[in-house]
Structure formats: structure tokens, C-alpha cells
file structure-v1.cif (mmCIF, C-alpha atoms and all ligand atoms)
data_protein
#
loop_
_atom_site.label_atom_id
_atom_site.label_comp_id
_atom_site.auth_asym_id
_atom_site.auth_seq_id
_atom_site.Cartn_x
_atom_site.Cartn_y
_atom_site.Cartn_z
CA MET A 23 188.08 126.86 78.42
CA LYS A 24 189.50 126.60 81.94
CA LYS A 25 188.14 124.71 84.94
CA ALA A 26 188.43 126.77 88.11
CA THR A 27 187.27 126.91 91.70
CA LEU A 28 186.22 130.52 92.27
CA THR A 29 185.84 132.19 95.65
CA VAL A 30 183.15 134.81 96.23
CA ILE A 31 184.81 138.05 97.37
CA SER A 32 181.58 140.05 97.46
CA ASN A 33 177.98 139.71 96.29
CA THR A 34 176.15 143.02 96.40
CA ALA A 35 172.65 144.11 95.33
CA LEU A 36 172.84 147.10 92.96
CA THR A 37 169.08 147.34 92.30
CA ARG A 38 165.99 145.39 93.38
CA ASP A 39 167.07 142.32 91.37
CA VAL A 40 170.54 142.97 89.91
CA PHE A 41 173.67 141.92 91.77
CA GLU A 42 177.41 142.45 91.36
CA MET A 43 179.48 139.37 92.22
CA ARG A 44 183.27 139.61 92.52
CA LEU A 45 185.18 136.34 92.25
CA ALA A 46 188.79 135.31 92.89
CA GLY A 47 190.53 132.41 91.15
CA ALA A 48 189.95 133.05 87.43
CA GLU A 49 192.53 133.87 84.79
CA ARG A 50 192.11 137.12 82.85
CA PRO A 51 189.29 136.53 80.31
CA LEU A 52 188.88 138.11 76.87
CA PRO A 53 186.23 140.84 76.78
CA GLY A 54 183.08 139.29 75.34
CA SER A 55 183.85 135.81 76.68
CA PHE A 56 181.73 134.22 79.39
CA LEU A 57 181.91 131.77 82.25
CA GLU A 58 179.64 128.96 83.44
CA ILE A 59 178.98 128.97 87.18
CA GLY A 60 178.10 125.72 88.96
CA LEU A 61 175.66 125.91 91.87
CA ASP A 62 174.98 123.28 94.52
CA GLY A 63 171.81 121.34 93.70
CA PHE A 64 171.68 122.42 90.03
CA PHE A 65 172.76 120.01 87.30
CA LEU A 66 173.44 122.65 84.62
CA LYS A 67 175.91 125.46 85.13
CA ARG A 68 174.66 129.03 84.47
CA PRO A 69 176.34 131.27 81.84
CA PHE A 70 177.36 134.90 82.64
CA GLY A 71 179.40 137.43 80.71
CA ALA A 72 182.80 138.46 82.09
CA ALA A 73 182.09 142.06 83.18
CA GLY A 74 185.45 143.13 84.57
CA TYR A 75 188.86 141.91 85.66
CA LYS A 76 191.12 143.90 87.95
CA GLY A 77 193.77 142.78 90.42
CA GLY A 78 192.92 139.12 89.76
CA ILE A 79 189.24 139.67 90.59
CA LEU A 80 186.60 138.78 88.00
CA THR A 81 183.29 140.64 88.13
CA VAL A 82 179.88 139.47 86.91
CA TYR A 83 176.57 141.34 86.99
CA TYR A 84 173.47 139.17 87.14
CA ARG A 85 169.72 139.56 87.35
CA VAL A 86 167.70 137.21 89.57
CA VAL A 87 165.30 135.56 87.11
CA GLY A 88 164.90 131.98 88.37
CA ALA A 89 166.01 129.39 90.90
CA GLY A 90 169.72 129.40 89.94
CA THR A 91 170.24 133.15 90.13
CA GLU A 92 168.10 133.23 93.30
CA ALA A 93 170.57 130.74 94.85
CA MET A 94 173.48 132.89 93.63
CA SER A 95 172.05 135.96 95.32
CA ALA A 96 172.21 134.16 98.70
CA LEU A 97 175.92 133.30 98.42
CA THR A 98 178.16 134.95 100.96
CA GLU A 99 181.81 135.99 101.01
CA GLY A 100 184.11 132.95 101.01
CA SER A 101 181.66 130.62 99.19
CA GLU A 102 183.38 128.43 96.60
CA LEU A 103 181.97 127.78 93.13
CA GLU A 104 183.03 125.27 90.48
CA ALA A 105 183.19 127.08 87.16
CA LEU A 106 184.28 126.89 83.53
CA THR A 107 185.92 130.19 82.59
CA SER A 108 187.15 131.88 79.39
CA LEU A 109 184.39 130.36 77.25
CA GLY A 110 183.48 131.64 73.78
CA ASN A 111 185.26 133.94 71.38
CA GLY A 112 185.08 137.54 72.60
CA PHE A 113 184.90 140.86 70.74
CA SER A 114 187.31 141.75 67.90
CA ALA A 115 188.52 145.22 68.79
CA GLU A 116 191.88 145.12 67.00
CA GLY A 117 192.57 148.39 65.15
CA VAL A 118 189.39 150.07 66.43
CA THR A 119 190.05 153.66 67.53
CA ARG A 120 186.50 155.12 67.53
CA PRO A 121 184.34 152.43 69.18
CA LEU A 122 180.61 152.77 69.67
CA ILE A 123 179.25 150.55 72.45
CA VAL A 124 175.50 149.94 72.71
CA SER A 125 173.75 148.05 75.50
CA GLY A 126 170.22 147.11 76.44
CA GLY A 127 169.50 146.14 80.05
CA LEU A 128 172.08 143.76 81.51
CA GLY A 129 173.78 143.60 78.12
CA ILE A 130 175.81 146.33 79.77
CA ALA A 131 177.76 143.64 81.72
CA PRO A 132 180.22 142.34 79.07
CA LEU A 133 180.39 145.79 77.47
CA LYS A 134 181.58 147.40 80.71
CA TYR A 135 184.61 145.10 80.54
CA LEU A 136 185.14 145.98 76.86
CA ALA A 137 185.05 149.69 77.81
CA ASP A 138 187.65 149.02 80.56
CA CYS A 139 189.90 147.36 77.96
CA PHE A 140 189.59 150.36 75.59
CA ALA A 141 190.39 152.68 78.52
CA GLU A 142 193.59 150.70 79.18
CA LYS A 143 194.61 151.56 75.59
CA GLY A 144 193.77 155.26 76.08
CA ILE A 145 190.64 155.03 73.90
CA ARG A 146 187.40 156.69 75.08
CA PRO A 147 184.36 154.96 73.51
CA VAL A 148 180.92 156.45 72.96
CA PHE A 149 178.63 154.27 75.10
CA VAL A 150 174.84 154.30 74.68
CA ALA A 151 173.20 152.37 77.53
CA GLY A 152 169.48 151.60 77.38
CA PHE A 153 167.38 150.58 80.39
CA LYS A 154 163.67 150.15 81.11
CA SER A 155 163.61 152.98 83.65
CA ALA A 156 165.75 155.09 85.99
CA SER A 157 165.50 152.51 88.79
CA GLU A 158 167.35 149.97 86.59
CA VAL A 159 170.32 152.18 85.68
CA ILE A 160 173.63 150.70 86.84
CA LEU A 161 177.33 151.53 86.32
CA LYS A 162 176.64 155.18 85.31
CA GLU A 163 179.38 156.77 87.43
CA GLU A 164 181.95 154.12 86.49
CA LEU A 165 181.26 154.45 82.76
CA GLU A 166 181.21 158.26 82.78
CA LYS A 167 184.87 158.18 83.87
CA ILE A 168 186.03 156.21 80.82
CA CYS A 169 183.36 156.77 78.13
CA THR A 170 181.20 159.47 76.57
CA LEU A 171 177.99 158.05 78.03
CA ALA A 172 174.37 158.51 76.96
CA VAL A 173 171.63 156.83 78.99
CA ALA A 174 168.27 156.04 77.38
CA THR A 175 165.18 154.76 79.16
CA ASP A 176 162.04 153.20 77.68
CA ASP A 177 159.81 155.29 79.98
CA GLY A 178 161.85 158.50 79.77
CA SER A 179 162.37 158.58 83.55
CA THR A 180 166.00 159.58 82.99
CA GLY A 181 168.14 160.41 79.96
CA PHE A 182 166.82 160.02 76.41
CA TYR A 183 163.15 158.96 76.12
CA GLY A 184 163.35 155.78 74.03
CA ASN A 185 165.68 152.86 73.46
CA ALA A 186 169.37 152.89 72.56
CA VAL A 187 168.74 152.31 68.83
CA GLU A 188 166.25 155.20 68.70
CA TYR A 189 168.84 157.36 70.47
CA LEU A 190 171.40 156.60 67.76
CA LYS A 191 168.95 157.39 64.95
CA ARG A 192 168.28 160.83 66.52
CA ASN A 193 171.89 161.50 67.58
CA PRO A 194 174.29 160.34 64.87
CA VAL A 195 177.66 159.15 66.18
CA SER A 196 180.87 158.75 64.21
CA PHE A 197 182.40 155.32 64.80
CA ASP A 198 184.61 152.75 63.11
CA ARG A 199 182.96 149.65 64.68
CA TYR A 200 180.12 149.14 67.11
CA PHE A 201 179.73 146.49 69.81
CA ALA A 202 176.24 145.62 71.05
CA CYS A 203 174.69 143.35 73.66
CA GLY A 204 171.10 143.25 74.85
CA PRO A 205 167.70 141.75 74.16
CA GLU A 206 167.09 140.31 70.70
CA PRO A 207 164.79 143.12 69.44
CA MET A 208 167.57 145.60 70.20
CA LEU A 209 170.18 143.48 68.42
CA LYS A 210 167.90 143.19 65.39
CA GLY A 211 167.56 146.98 65.48
CA MET A 212 171.35 147.38 65.57
CA GLN A 213 171.71 144.96 62.65
CA ARG A 214 169.32 147.14 60.62
CA PHE A 215 171.08 150.31 61.83
CA SER A 216 174.50 149.22 60.52
CA GLY A 217 176.30 146.07 59.42
CA ASN A 218 179.58 147.47 60.70
CA GLY A 219 179.54 145.95 64.15
CA GLN A 220 179.46 142.94 66.41
CA LEU A 221 176.56 141.49 68.35
CA SER A 222 176.86 139.47 71.55
CA LEU A 223 174.07 136.89 71.66
CA GLU A 224 172.45 134.76 74.33
CA ALA A 225 170.96 131.28 73.86
CA ARG A 226 169.74 128.58 76.21
CA MET A 227 172.80 126.49 76.96
CA GLY A 228 173.40 122.89 77.89
CA CYS A 229 177.09 122.07 78.08
CA GLY A 230 178.44 125.59 77.43
CA PHE A 231 181.56 124.38 75.61
CA GLY A 232 180.49 123.13 72.19
CA ALA A 233 179.50 119.50 72.78
CA CYS A 234 175.68 119.40 72.75
CA MET A 235 174.71 121.77 69.86
CA GLY A 236 171.87 123.02 72.08
CA CYS A 237 172.75 126.67 71.57
CA SER A 238 172.96 126.65 67.74
CA ILE A 239 171.74 129.64 65.76
CA LYS A 240 171.36 130.15 62.02
CA THR A 241 173.93 132.33 60.28
CA VAL A 242 174.67 133.20 56.66
CA SER A 243 177.30 130.41 56.73
CA GLY A 244 175.17 127.72 58.37
CA PHE A 245 174.43 126.83 61.98
CA LYS A 246 176.87 128.07 64.61
CA ARG A 247 177.08 127.47 68.35
CA VAL A 248 176.65 130.55 70.53
CA CYS A 249 178.90 129.00 73.19
CA LYS A 250 181.77 128.10 70.86
CA GLU A 251 181.78 130.21 67.65
CA GLY A 252 180.03 133.01 69.65
CA PRO A 253 178.69 134.56 71.75
CA VAL A 254 180.00 137.44 69.60
CA PHE A 255 179.09 137.43 65.88
CA ASP A 256 179.55 139.94 63.10
CA ALA A 257 176.33 141.90 62.71
CA GLY A 258 175.79 140.80 59.12
CA GLU A 259 176.27 137.13 59.98
CA VAL A 260 173.25 136.42 62.17
CA ILE A 261 169.87 135.35 60.73
CA PHE A 262 167.50 136.32 63.54
CA ASP A 263 164.17 135.37 62.04
CA ALA A 264 165.17 131.72 61.71
CA ARG A 265 165.58 131.26 65.47
C1 LIG A 301 176.60 133.83 76.85
C2 LIG A 301 175.61 134.26 77.91
C3 LIG A 301 175.95 135.30 78.76
C4 LIG A 301 175.05 135.72 79.75
N1 LIG A 301 175.42 136.74 80.56
C5 LIG A 301 174.59 137.14 81.53
C6 LIG A 301 174.99 138.21 82.42
O1 LIG A 301 176.10 138.76 82.32
N2 LIG A 301 174.11 138.56 83.41
C7 LIG A 301 172.86 137.94 83.53
O2 LIG A 301 172.11 138.32 84.43
N3 LIG A 301 172.48 136.95 82.71
C8 LIG A 301 173.31 136.53 81.72
N4 LIG A 301 172.93 135.50 80.91
C9 LIG A 301 171.62 134.87 81.16
C10 LIG A 301 171.76 133.92 82.37
O3 LIG A 301 172.57 132.81 81.99
C11 LIG A 301 170.39 133.42 82.81
O4 LIG A 301 169.62 134.51 83.26
C12 LIG A 301 170.53 132.39 83.94
O5 LIG A 301 171.14 131.21 83.45
C13 LIG A 301 169.18 132.08 84.53
O6 LIG A 301 169.33 131.02 85.45
P1 LIG A 301 168.18 130.70 86.52
O7 LIG A 301 168.44 129.37 87.08
O8 LIG A 301 168.03 131.84 87.49
O9 LIG A 301 166.86 130.74 85.63
P2 LIG A 301 165.97 129.54 85.11
O10 LIG A 301 165.04 130.10 84.09
O11 LIG A 301 165.36 128.82 86.27
O12 LIG A 301 167.00 128.59 84.37
C14 LIG A 301 166.64 127.37 83.85
C15 LIG A 301 167.68 127.00 82.80
O13 LIG A 301 167.60 127.88 81.68
C16 LIG A 301 168.85 128.51 81.46
N5 LIG A 301 168.58 129.89 81.10
C17 LIG A 301 167.60 130.68 81.59
N6 LIG A 301 167.66 131.89 80.99
C18 LIG A 301 168.70 131.85 80.14
C19 LIG A 301 169.27 132.80 79.24
N7 LIG A 301 168.77 134.03 79.09
N8 LIG A 301 170.35 132.42 78.51
C20 LIG A 301 170.84 131.19 78.64
N9 LIG A 301 170.36 130.23 79.45
C21 LIG A 301 169.30 130.57 80.20
C22 LIG A 301 169.60 128.41 82.78
O14 LIG A 301 171.01 128.49 82.61
C23 LIG A 301 169.12 127.05 83.26
O15 LIG A 301 169.83 126.01 82.66
C24 LIG A 301 173.79 135.07 79.89
C25 LIG A 301 173.45 134.02 79.04
C26 LIG A 301 174.34 133.61 78.06
C27 LIG A 301 173.97 132.50 77.15
S1 LIG A 302 175.64 124.79 74.95
FE1 LIG A 302 176.30 122.83 74.25
S2 LIG A 302 177.06 123.29 72.26
FE2 LIG A 302 176.58 125.25 73.07
#

call {"tool": "encode", "arguments": {"input": "structure-v1.cif", "output": "C-alpha cells", "more": "lines below"}}
Ligand SMILES: Cc1cc2nc3c(=O)[nH]c(=O)nc-3n(C[C@H](O)[C@H](O)[C@H](O)COP(=O)(O)OP(=O)(O)OC[C@H]3O[C@@H](n4cnc5c(N)ncnc54)[C@H](O)[C@@H]3O)c2cc1C
Ligand code: FES
result
Amino acid sequence: MKKATLTVISNTALTRDVFEMRLAGAERPLPGSFLEIGLDGFFLKRPFGAAGYKGGILTVYYRVVGAGTEAMSALTEGSELEALTSLGNGFSAEGVTRPLIVSGGLGIAPLKYLADCFAEKGIRPVFVAGFKSASEVILKEELEKICTLAVATDDGSTGFYGNAVEYLKRNPVSFDRYFACGPEPMLKGMQRFSGNGQLSLEARMGCGFGACMGCSIKTVSGFKRVCKEGPVFDAGEVIFDAR
């Protein structure tokens, strides 16, 4: 964990309610780790996955869902934010040469950074990105450059008609480990699909660095904190129905 004052370099709407924020002042994070962003007038910091790091600039993608993200969307270039960076464990990609990456909705954010890291090693992942509909698709052009990309939409408005897990059942992919992030039903589906992967989880957070236990989940080896032992867990480790 690092304390940092981050400076907003840009804050751009990509869709009706999803923004890309680029921030200066953070050290290079591990893919899969997250940061907690402090906002004026809000007691609790807000957690976001590290979605890219290039030339000293950290990227996050966020959806406006409540008062905190609404306040974030109004921030302009040059605004300063108090943050905790490099939180959590990150993905284990060591030795993986045929990665399969699977996202649902904004779960694409930390996985975009993982795909960038594979690209730096000359590895081209298969990336299956699920969205509700065509109007929510983001990062398509960027990912097509570095991945073999399949887009799936719940309403069939573009790409495969169905979710990312259904896509994989219909279109078998050869892989040596998968990496998934998205809504819980999708992660449960990936757990049933194969135990040979890692799941990035979300939980309501208090402190964000392991002190309050507020983000604990049940695993096969007892309770674990999403912010400290996670947010990335082996697929076979998580007991979803106990949450
Ligand atoms: C490890 C992790 C990574 C995340 N990465 C991203 C990301 O890359 N992009 C993105 O858009 N969202 C991400 N989220 C969810 C994001 O943190 C929430 O959408 C955000 O905190 C909502 O804040 P708010 O004030 O707008 O909403 P409100 O509902 O008003 O927030 C009230 C409180 O609930 C907390 N909260 C609300 N929703 C969530 C949630 N889903 N998870 C955890 N705490 C929540 C807030 O932090 C705040 O303390 C992530 C969550 C976690 C735990
Ligand atoms: S949020 Fe406090 S222990 Fe995880």
C-alpha cells in the first residue's frame, strides 16, 4: 500500500455513464491490484481497479452509480486526489502462455491492464468481453490490437447474443489459465465452467487495507478479506453461496 497525491490528467466520458480517468503520481501497480480514491466531502475512499499504466500515468475506468462517482465525474484536469495505491494482491500470470481473459461489464477495467502486461511479454490473449448492449461496449479498438477479442451482448445488439460464459460454452477456447472479473453471477458461471482460473471480486469496503474485516468473504480455507488477500482469488477457493 502506498499513500499518494494523484493529479487528474484527463477525465473523459466514454459512454452515457462510464468515464476514463487518467492520473499522475502513482507508482506502477500490479495488474489486478486496486486503488482507493479520496473525494472531498466523503469520509470513505472509493475502490477502483488499476486499468492501465503507461508513461507514469495510471488509468481507471468507472461507472457513475452514486454520489462519490458522480463527484468524480465532475473533476477537471489538475484536480488533486488523496489516494491509497497498489492495494490487494493482483493476478498470478507467471508461466501462463495461453491466457483466456473474460469480463462482464466494467470488469473489463483491471483485465485491460492485464492484457497490456501480456502484450509487453509478446503474448496475445483470447479476450471475451460481455456487455449489456452495444451502447455499453468500451475499449474494443484498443483490445483488438493486442488480443483475439470476442464481444458478447445480453441483448444481441452487437457480437455474440448472450453473456461471456455462454459464448465460451458455444465456442471452446484452448487456454492454460483464465482470468475473470465481472458481476457475481458471471463469476459463479466461470467457476462452474472451469476451476483453472482466477476471479477478481468486489465487496463493500471500509478501510480498504485489511484493518476492518468489512470486506470478508467465505473461502474453502476460512474467511478472507477481499482488500488484502484478494481481490483476486483462485476460482476453486471462493464459496459464493455463503456471501
Ligand atoms: C476491488 C474493487 C475494485 C473496483 N473497481 C471498479 C472499477 O474499476 N470501476 C468501477 O466503476 N467500479 C469499481 N468498483 C466499484 C466502485 O468502488 C463503486 O462503484 C463505487 O465505490 C461507488 O461509489 P459511489 O459513492 O458512487 O456509490 P454509493 O453507492 O453512493 O457508495 C456508498 C458506499 O458504498 C461503497 N460501494 C458502492 N458500491 C460498491 C461496490 N460495488 N464495491 C465496493 N464498494 C462499493 C462506496 O465505496 C461507498 O463507500 C470496485 C470495487 C472494488 C471493491
Ligand atoms: S475493507 Fe477493511 S478489511 Fe477490507

call {"tool": "residues_around", "arguments": {"input": "structure-v1.cif", "residues": "A:Asp176", "least_positions_apart": "6", "cutoff": "7 Å", "atoms": "only C-alpha atoms", "output": "PyMOL selection string"}}
result
chain A and resi 153-155+183-185

call {"tool": "atom_distance", "arguments": {"input": "structure-v1.cif", "atom1": "atom N7 of ligand LIG 301 (chain A)", "atom2": "atom CA of A:Arg247"}}
result
15.1 Å

call {"tool": "residues_near_ligand", "arguments": {"input": "structure-v1.cif", "ligand": "ligand LIG 302 (chain A)", "cutoff": "7 Å", "atoms": "all atoms listed in the file", "output": "ChimeraX atom specification"}}
result
/A:227-238,247-250

call {"tool": "residues_near_ligand", "arguments": {"input": "structure-v1.cif", "ligand": "ligand LIG 301 (chain A)", "cutoff": "9 Å", "atoms": "all atoms listed in the file", "output": "VMD selection string"}}
result
chain A and resid 40 to 41 54 to 59 64 to 73 82 to 94 109 to 110 128 to 132 222 to 228 230 237 248 to 249 252 to 254

call {"tool": "residues_around", "arguments": {"input": "structure-v1.cif", "residues": "A:Arg199", "least_positions_apart": "4", "cutoff": "8 Å", "atoms": "all atoms listed in the file", "output": "list in words"}}
result
Val118, Arg120, Pro121, Leu122, Asn218, Gly219 and Gln220 of chain A

call {"tool": "residues_around", "arguments": {"input": "structure-v1.cif", "residues": "stretch 44-48 of chain A", "least_positions_apart": "3", "cutoff": "6 Å", "atoms": "only C-alpha atoms", "output": "ChimeraX atom specification"}}
result
/A:28-32,79-81

call {"tool": "axis_aligned_box", "arguments": {"input": "structure-v1.cif", "around": "stretch 240-258 of chain A", "padding_each_side": "6 Å", "output": "JSON"}}
result
{"center_x": 176.6, "center_y": 134.4, "center_z": 64.9, "size_x": 22.4, "size_y": 27.1, "size_z": 28.5}

call {"tool": "atom_distance", "arguments": {"input": "structure-v1.cif", "atom1": "atom CA of A:Glu116", "atom2": "atom CA of A:Met23"}}
result
21.9 Å
